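Okay, data36.txt is below, compact mmCIF, N, CA and C atoms:
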```
# COMPACT_ATOMS: atom_id res chain seq x y z
N MET A 1 14.22 10.15 10.67
CA MET A 1 12.93 9.47 10.81
C MET A 1 12.28 9.34 9.43
N LYS A 2 11.66 8.20 9.21
CA LYS A 2 10.95 7.96 7.97
C LYS A 2 9.67 8.79 7.96
N ASN A 3 9.14 9.04 6.76
CA ASN A 3 7.93 9.86 6.70
C ASN A 3 6.68 9.07 7.06
N LYS A 4 5.61 9.80 7.32
CA LYS A 4 4.36 9.22 7.81
C LYS A 4 3.80 8.15 6.87
N SER A 5 3.80 8.44 5.58
CA SER A 5 3.23 7.49 4.62
C SER A 5 3.97 6.16 4.64
N TYR A 6 5.30 6.23 4.70
CA TYR A 6 6.11 5.03 4.71
C TYR A 6 5.85 4.21 5.99
N ILE A 7 5.77 4.88 7.12
CA ILE A 7 5.51 4.20 8.38
C ILE A 7 4.13 3.54 8.37
N LEU A 8 3.12 4.25 7.86
CA LEU A 8 1.78 3.67 7.78
C LEU A 8 1.77 2.43 6.90
N LEU A 9 2.52 2.46 5.80
CA LEU A 9 2.59 1.27 4.94
C LEU A 9 3.27 0.11 5.64
N LEU A 10 4.32 0.39 6.41
CA LEU A 10 4.98 -0.68 7.17
C LEU A 10 4.04 -1.28 8.21
N LEU A 11 3.30 -0.42 8.91
CA LEU A 11 2.34 -0.91 9.90
C LEU A 11 1.23 -1.71 9.23
N TYR A 12 0.76 -1.23 8.09
CA TYR A 12 -0.26 -1.94 7.31
C TYR A 12 0.24 -3.35 6.97
N ASP A 13 1.46 -3.45 6.47
CA ASP A 13 2.03 -4.75 6.12
C ASP A 13 2.11 -5.67 7.32
N GLU A 14 2.52 -5.13 8.46
CA GLU A 14 2.63 -5.95 9.67
C GLU A 14 1.26 -6.48 10.10
N LEU A 15 0.26 -5.63 10.04
CA LEU A 15 -1.09 -6.05 10.42
C LEU A 15 -1.62 -7.12 9.46
N ARG A 16 -1.44 -6.91 8.17
CA ARG A 16 -1.92 -7.88 7.17
C ARG A 16 -1.21 -9.22 7.30
N ALA A 17 0.03 -9.20 7.78
CA ALA A 17 0.80 -10.43 7.96
C ALA A 17 0.45 -11.14 9.26
N GLY A 18 -0.46 -10.54 10.04
CA GLY A 18 -0.88 -11.17 11.29
C GLY A 18 0.02 -10.86 12.47
N LYS A 19 0.90 -9.90 12.29
CA LYS A 19 1.80 -9.52 13.39
C LYS A 19 1.11 -8.51 14.29
N GLY A 20 1.46 -8.54 15.55
CA GLY A 20 0.96 -7.55 16.49
C GLY A 20 1.89 -6.35 16.52
N ILE A 21 1.35 -5.19 16.81
CA ILE A 21 2.14 -3.97 16.89
C ILE A 21 2.09 -3.46 18.33
N ARG A 22 3.24 -3.47 18.99
CA ARG A 22 3.35 -3.00 20.37
C ARG A 22 3.70 -1.52 20.38
N ILE A 23 3.03 -0.78 21.27
CA ILE A 23 3.19 0.68 21.31
C ILE A 23 4.66 1.07 21.55
N ALA A 24 5.24 0.59 22.62
CA ALA A 24 6.60 1.01 22.99
C ALA A 24 7.61 0.65 21.91
N GLU A 25 7.51 -0.56 21.36
CA GLU A 25 8.44 -0.98 20.32
C GLU A 25 8.30 -0.12 19.07
N CYS A 26 7.07 0.17 18.69
CA CYS A 26 6.81 0.97 17.50
C CYS A 26 7.32 2.40 17.68
N CYS A 27 7.03 3.00 18.82
CA CYS A 27 7.48 4.37 19.09
C CYS A 27 9.01 4.44 19.11
N GLY A 28 9.63 3.45 19.71
CA GLY A 28 11.10 3.41 19.75
C GLY A 28 11.70 3.20 18.37
N ARG A 29 11.10 2.33 17.61
CA ARG A 29 11.60 1.99 16.27
C ARG A 29 11.55 3.20 15.33
N PHE A 30 10.45 3.95 15.40
CA PHE A 30 10.27 5.05 14.46
C PHE A 30 10.51 6.43 15.07
N GLY A 31 10.68 6.49 16.39
CA GLY A 31 11.02 7.74 17.05
C GLY A 31 9.89 8.75 17.13
N PHE A 32 8.67 8.27 17.40
CA PHE A 32 7.57 9.22 17.60
C PHE A 32 6.87 8.95 18.91
N SER A 33 5.95 9.83 19.28
CA SER A 33 5.27 9.76 20.57
C SER A 33 4.13 8.75 20.57
N VAL A 34 3.64 8.45 21.76
CA VAL A 34 2.48 7.57 21.92
C VAL A 34 1.25 8.21 21.27
N ALA A 35 1.12 9.52 21.38
CA ALA A 35 -0.01 10.22 20.75
C ALA A 35 0.01 10.03 19.23
N THR A 36 1.18 10.12 18.64
CA THR A 36 1.31 9.90 17.19
C THR A 36 0.96 8.46 16.85
N PHE A 37 1.44 7.52 17.66
CA PHE A 37 1.10 6.11 17.44
C PHE A 37 -0.41 5.92 17.46
N ARG A 38 -1.08 6.51 18.42
CA ARG A 38 -2.53 6.37 18.52
C ARG A 38 -3.25 6.97 17.31
N ARG A 39 -2.74 8.08 16.78
CA ARG A 39 -3.31 8.66 15.56
C ARG A 39 -3.14 7.72 14.38
N TYR A 40 -1.96 7.12 14.26
CA TYR A 40 -1.71 6.19 13.16
C TYR A 40 -2.62 4.97 13.26
N ILE A 41 -2.77 4.42 14.47
CA ILE A 41 -3.64 3.26 14.65
C ILE A 41 -5.09 3.63 14.35
N ALA A 42 -5.51 4.82 14.75
CA ALA A 42 -6.88 5.28 14.47
C ALA A 42 -7.11 5.37 12.96
N PHE A 43 -6.13 5.90 12.25
CA PHE A 43 -6.23 5.99 10.80
C PHE A 43 -6.34 4.59 10.18
N LEU A 44 -5.45 3.69 10.61
CA LEU A 44 -5.47 2.32 10.07
C LEU A 44 -6.75 1.59 10.46
N ARG A 45 -7.24 1.84 11.67
CA ARG A 45 -8.48 1.22 12.12
C ARG A 45 -9.64 1.62 11.21
N GLY A 46 -9.73 2.90 10.89
CA GLY A 46 -10.77 3.38 9.98
C GLY A 46 -10.62 2.80 8.59
N TYR A 47 -9.40 2.73 8.11
CA TYR A 47 -9.13 2.19 6.77
C TYR A 47 -9.53 0.71 6.68
N PHE A 48 -9.03 -0.09 7.61
CA PHE A 48 -9.34 -1.53 7.58
C PHE A 48 -10.83 -1.78 7.74
N ASN A 49 -11.49 -0.99 8.55
CA ASN A 49 -12.92 -1.15 8.75
C ASN A 49 -13.69 -0.81 7.47
N GLU A 50 -13.35 0.31 6.85
CA GLU A 50 -14.07 0.76 5.67
C GLU A 50 -13.77 -0.09 4.43
N ILE A 51 -12.51 -0.41 4.21
CA ILE A 51 -12.12 -1.11 2.98
C ILE A 51 -12.27 -2.62 3.08
N TYR A 52 -11.91 -3.21 4.20
CA TYR A 52 -11.90 -4.66 4.34
C TYR A 52 -12.96 -5.20 5.29
N GLY A 53 -13.62 -4.32 6.03
CA GLY A 53 -14.58 -4.78 7.02
C GLY A 53 -13.91 -5.52 8.17
N GLN A 54 -12.63 -5.22 8.41
CA GLN A 54 -11.87 -5.86 9.49
C GLN A 54 -11.64 -4.86 10.60
N GLU A 55 -11.43 -5.39 11.78
CA GLU A 55 -11.27 -4.56 12.96
C GLU A 55 -9.87 -4.72 13.55
N ILE A 56 -9.26 -3.61 13.92
CA ILE A 56 -8.01 -3.65 14.67
C ILE A 56 -8.38 -3.66 16.14
N VAL A 57 -7.87 -4.65 16.85
CA VAL A 57 -8.19 -4.80 18.27
C VAL A 57 -6.90 -4.76 19.10
N TYR A 58 -7.07 -4.41 20.36
CA TYR A 58 -5.95 -4.45 21.29
C TYR A 58 -5.98 -5.78 22.01
N ASP A 59 -4.89 -6.52 21.93
CA ASP A 59 -4.78 -7.82 22.57
C ASP A 59 -4.03 -7.64 23.89
N ALA A 60 -4.76 -7.70 25.00
CA ALA A 60 -4.17 -7.47 26.32
C ALA A 60 -3.17 -8.57 26.70
N GLU A 61 -3.32 -9.75 26.13
CA GLU A 61 -2.39 -10.85 26.42
C GLU A 61 -1.00 -10.55 25.89
N THR A 62 -0.93 -10.04 24.67
CA THR A 62 0.36 -9.76 24.04
C THR A 62 0.73 -8.27 24.10
N LEU A 63 -0.16 -7.45 24.65
CA LEU A 63 0.05 -6.01 24.75
C LEU A 63 0.30 -5.38 23.38
N SER A 64 -0.47 -5.82 22.38
CA SER A 64 -0.27 -5.31 21.04
C SER A 64 -1.58 -5.14 20.29
N TYR A 65 -1.52 -4.33 19.23
CA TYR A 65 -2.67 -4.17 18.35
C TYR A 65 -2.52 -5.14 17.20
N ARG A 66 -3.63 -5.72 16.77
CA ARG A 66 -3.60 -6.68 15.67
C ARG A 66 -4.94 -6.66 14.96
N LEU A 67 -4.98 -7.27 13.79
CA LEU A 67 -6.24 -7.41 13.08
C LEU A 67 -7.00 -8.59 13.68
N ALA A 68 -8.27 -8.39 13.99
CA ALA A 68 -9.10 -9.46 14.53
C ALA A 68 -9.19 -10.59 13.50
N GLY A 69 -8.98 -11.80 13.95
CA GLY A 69 -9.13 -12.96 13.09
C GLY A 69 -7.95 -13.26 12.18
N VAL A 70 -6.89 -12.47 12.25
CA VAL A 70 -5.71 -12.70 11.41
C VAL A 70 -4.56 -13.14 12.29
N THR A 71 -3.96 -14.26 11.94
CA THR A 71 -2.79 -14.75 12.70
C THR A 71 -1.63 -14.94 11.73
N GLY A 72 -0.44 -14.75 12.25
CA GLY A 72 0.74 -14.83 11.38
C GLY A 72 1.66 -15.93 11.73
```

Is it possible to express this structure as structure tokens?
Amino acid sequence: MKNKSYILLLLYDELRAGKGIRIAECCGRFGFSVATFRRYIAFLRGYFNEIYGQEIVYDAETLSYRLAGVTG
């Protein structure tokens, strides 16, 4: 398994590119639990809000987390 910092950077890149992040796919890809995924999203949510003034939202249509207003 890749380390936490590397995974957070990959998720950051995906969000900035306008891609959605699905819980099950992400957990399967990196081999961690849903609880860990939620901690990572919470960290990224705080970061994007504080640094960029952007919000990570859950899109029920695509069942994924994405940056509000960013499309890829």

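Among the candidates A:Lys19, A:Ala60, A:Phe32, A:Leu9, the residue lying nearest to Tyr47 (chain A) is A:Leu9 (atoms considered: only C-alpha atoms).
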
(request) For Cys27 (chain A), work out the shell of residues within 10 Å, counting only C-alpha atoms and skipping chain neighbours fewer than 6 positions away, then give it as a PyMOL selection string. (result) chain A and resi 33-37

(request) Give the strand (DSSP E) residues of chain A, as DSSP finds them on the backbone, and put them as a PyMOL selection string. (result) chain A and resi 56-59+64-67

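You will find atom N of Gly18 (chain A) at 5.8 Å from CA of Val70 (chain A).
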
(message) Env of Leu63 (chain A): 9 Å cut, atoms = only C-alpha atoms, seq-sep filter 6 positions within chain, self excluded. Answer as a ChimeraX atom specification.
(response) /A:20-23

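CA of Gly69 (chain A) lies 21.7 Å from atom N of Arg38 (chain A).
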
(message) Using all atoms listed in the file, can you tell me which of A:Ile7, A:Glu61, A:Glu55, A:Glu14 comes closest to Phe30 (chain A)?
(response) A:Ile7

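Between atom N of Leu10 (chain A) and atom N of Leu44 (chain A) the separation is 11.1 Å.
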
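For Arg45 (chain A), the set of protein, DNA and RNA residues having any atom at most 8 Å away, when counting all atoms listed in the file and skipping those fewer than 4 positions along the same chain, is Arg39, Tyr40, Ile41, Asn49, Glu50, Ile51, Gln54, Glu55, Ile56 and Val57 of chain A.
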
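Counting only C-alpha atoms and comparing A:Phe48, A:Ala24, A:Arg16, A:Gly31, the residue that lies closest to Lys4 (chain A) is A:Gly31.
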
(message) What parts of chain A does DSSP call alpha helix (DSSP H)? I'd like the answer as a PyMOL selection string.
(response) chain A and resi 4-16+23-30+34-47

Writing out the chosen residues with N, CA and C atoms as a compact mmCIF listing (two decimals), in the frame of the given file:
```txt
# COMPACT_ATOMS: atom_id res chain seq x y z
N LYS A 4 5.61 9.80 7.32
CA LYS A 4 4.36 9.22 7.81
C LYS A 4 3.80 8.15 6.87
N SER A 5 3.80 8.44 5.58
CA SER A 5 3.23 7.49 4.62
C SER A 5 3.97 6.16 4.64
N TYR A 6 5.30 6.23 4.70
CA TYR A 6 6.11 5.03 4.71
C TYR A 6 5.85 4.21 5.99
N ILE A 7 5.77 4.88 7.12
CA ILE A 7 5.51 4.20 8.38
C ILE A 7 4.13 3.54 8.37
N LEU A 8 3.12 4.25 7.86
CA LEU A 8 1.78 3.67 7.78
C LEU A 8 1.77 2.43 6.90
N LEU A 9 2.52 2.46 5.80
CA LEU A 9 2.59 1.27 4.94
C LEU A 9 3.27 0.11 5.64
N LEU A 10 4.32 0.39 6.41
CA LEU A 10 4.98 -0.68 7.17
C LEU A 10 4.04 -1.28 8.21
N LEU A 11 3.30 -0.42 8.91
CA LEU A 11 2.34 -0.91 9.90
C LEU A 11 1.23 -1.71 9.23
N TYR A 12 0.76 -1.23 8.09
CA TYR A 12 -0.26 -1.94 7.31
C TYR A 12 0.24 -3.35 6.97
N ASP A 13 1.46 -3.45 6.47
CA ASP A 13 2.03 -4.75 6.12
C ASP A 13 2.11 -5.67 7.32
N GLU A 14 2.52 -5.13 8.46
CA GLU A 14 2.63 -5.95 9.67
C GLU A 14 1.26 -6.48 10.10
N LEU A 15 0.26 -5.63 10.04
CA LEU A 15 -1.09 -6.05 10.42
C LEU A 15 -1.62 -7.12 9.46
N ARG A 16 -1.44 -6.91 8.17
CA ARG A 16 -1.92 -7.88 7.17
C ARG A 16 -1.21 -9.22 7.30
N ILE A 23 3.03 -0.78 21.27
CA ILE A 23 3.19 0.68 21.31
C ILE A 23 4.66 1.07 21.55
N ALA A 24 5.24 0.59 22.62
CA ALA A 24 6.60 1.01 22.99
C ALA A 24 7.61 0.65 21.91
N GLU A 25 7.51 -0.56 21.36
CA GLU A 25 8.44 -0.98 20.32
C GLU A 25 8.30 -0.12 19.07
N CYS A 26 7.07 0.17 18.69
CA CYS A 26 6.81 0.97 17.50
C CYS A 26 7.32 2.40 17.68
N CYS A 27 7.03 3.00 18.82
CA CYS A 27 7.48 4.37 19.09
C CYS A 27 9.01 4.44 19.11
N GLY A 28 9.63 3.45 19.71
CA GLY A 28 11.10 3.41 19.75
C GLY A 28 11.70 3.20 18.37
N ARG A 29 11.10 2.33 17.61
CA ARG A 29 11.60 1.99 16.27
C ARG A 29 11.55 3.20 15.33
N PHE A 30 10.45 3.95 15.40
CA PHE A 30 10.27 5.05 14.46
C PHE A 30 10.51 6.43 15.07
N VAL A 34 3.64 8.45 21.76
CA VAL A 34 2.48 7.57 21.92
C VAL A 34 1.25 8.21 21.27
N ALA A 35 1.12 9.52 21.38
CA ALA A 35 -0.01 10.22 20.75
C ALA A 35 0.01 10.03 19.23
N THR A 36 1.18 10.12 18.64
CA THR A 36 1.31 9.90 17.19
C THR A 36 0.96 8.46 16.85
N PHE A 37 1.44 7.52 17.66
CA PHE A 37 1.10 6.11 17.44
C PHE A 37 -0.41 5.92 17.46
N ARG A 38 -1.08 6.51 18.42
CA ARG A 38 -2.53 6.37 18.52
C ARG A 38 -3.25 6.97 17.31
N ARG A 39 -2.74 8.08 16.78
CA ARG A 39 -3.31 8.66 15.56
C ARG A 39 -3.14 7.72 14.38
N TYR A 40 -1.96 7.12 14.26
CA TYR A 40 -1.71 6.19 13.16
C TYR A 40 -2.62 4.97 13.26
N ILE A 41 -2.77 4.42 14.47
CA ILE A 41 -3.64 3.26 14.65
C ILE A 41 -5.09 3.63 14.35
N ALA A 42 -5.51 4.82 14.75
CA ALA A 42 -6.88 5.28 14.47
C ALA A 42 -7.11 5.37 12.96
N PHE A 43 -6.13 5.90 12.25
CA PHE A 43 -6.23 5.99 10.80
C PHE A 43 -6.34 4.59 10.18
N LEU A 44 -5.45 3.69 10.61
CA LEU A 44 -5.47 2.32 10.07
C LEU A 44 -6.75 1.59 10.46
N ARG A 45 -7.24 1.84 11.67
CA ARG A 45 -8.48 1.22 12.12
C ARG A 45 -9.64 1.62 11.21
N GLY A 46 -9.73 2.90 10.89
CA GLY A 46 -10.77 3.38 9.98
C GLY A 46 -10.62 2.80 8.59
N TYR A 47 -9.40 2.73 8.11
CA TYR A 47 -9.13 2.19 6.77
C TYR A 47 -9.53 0.71 6.68
```
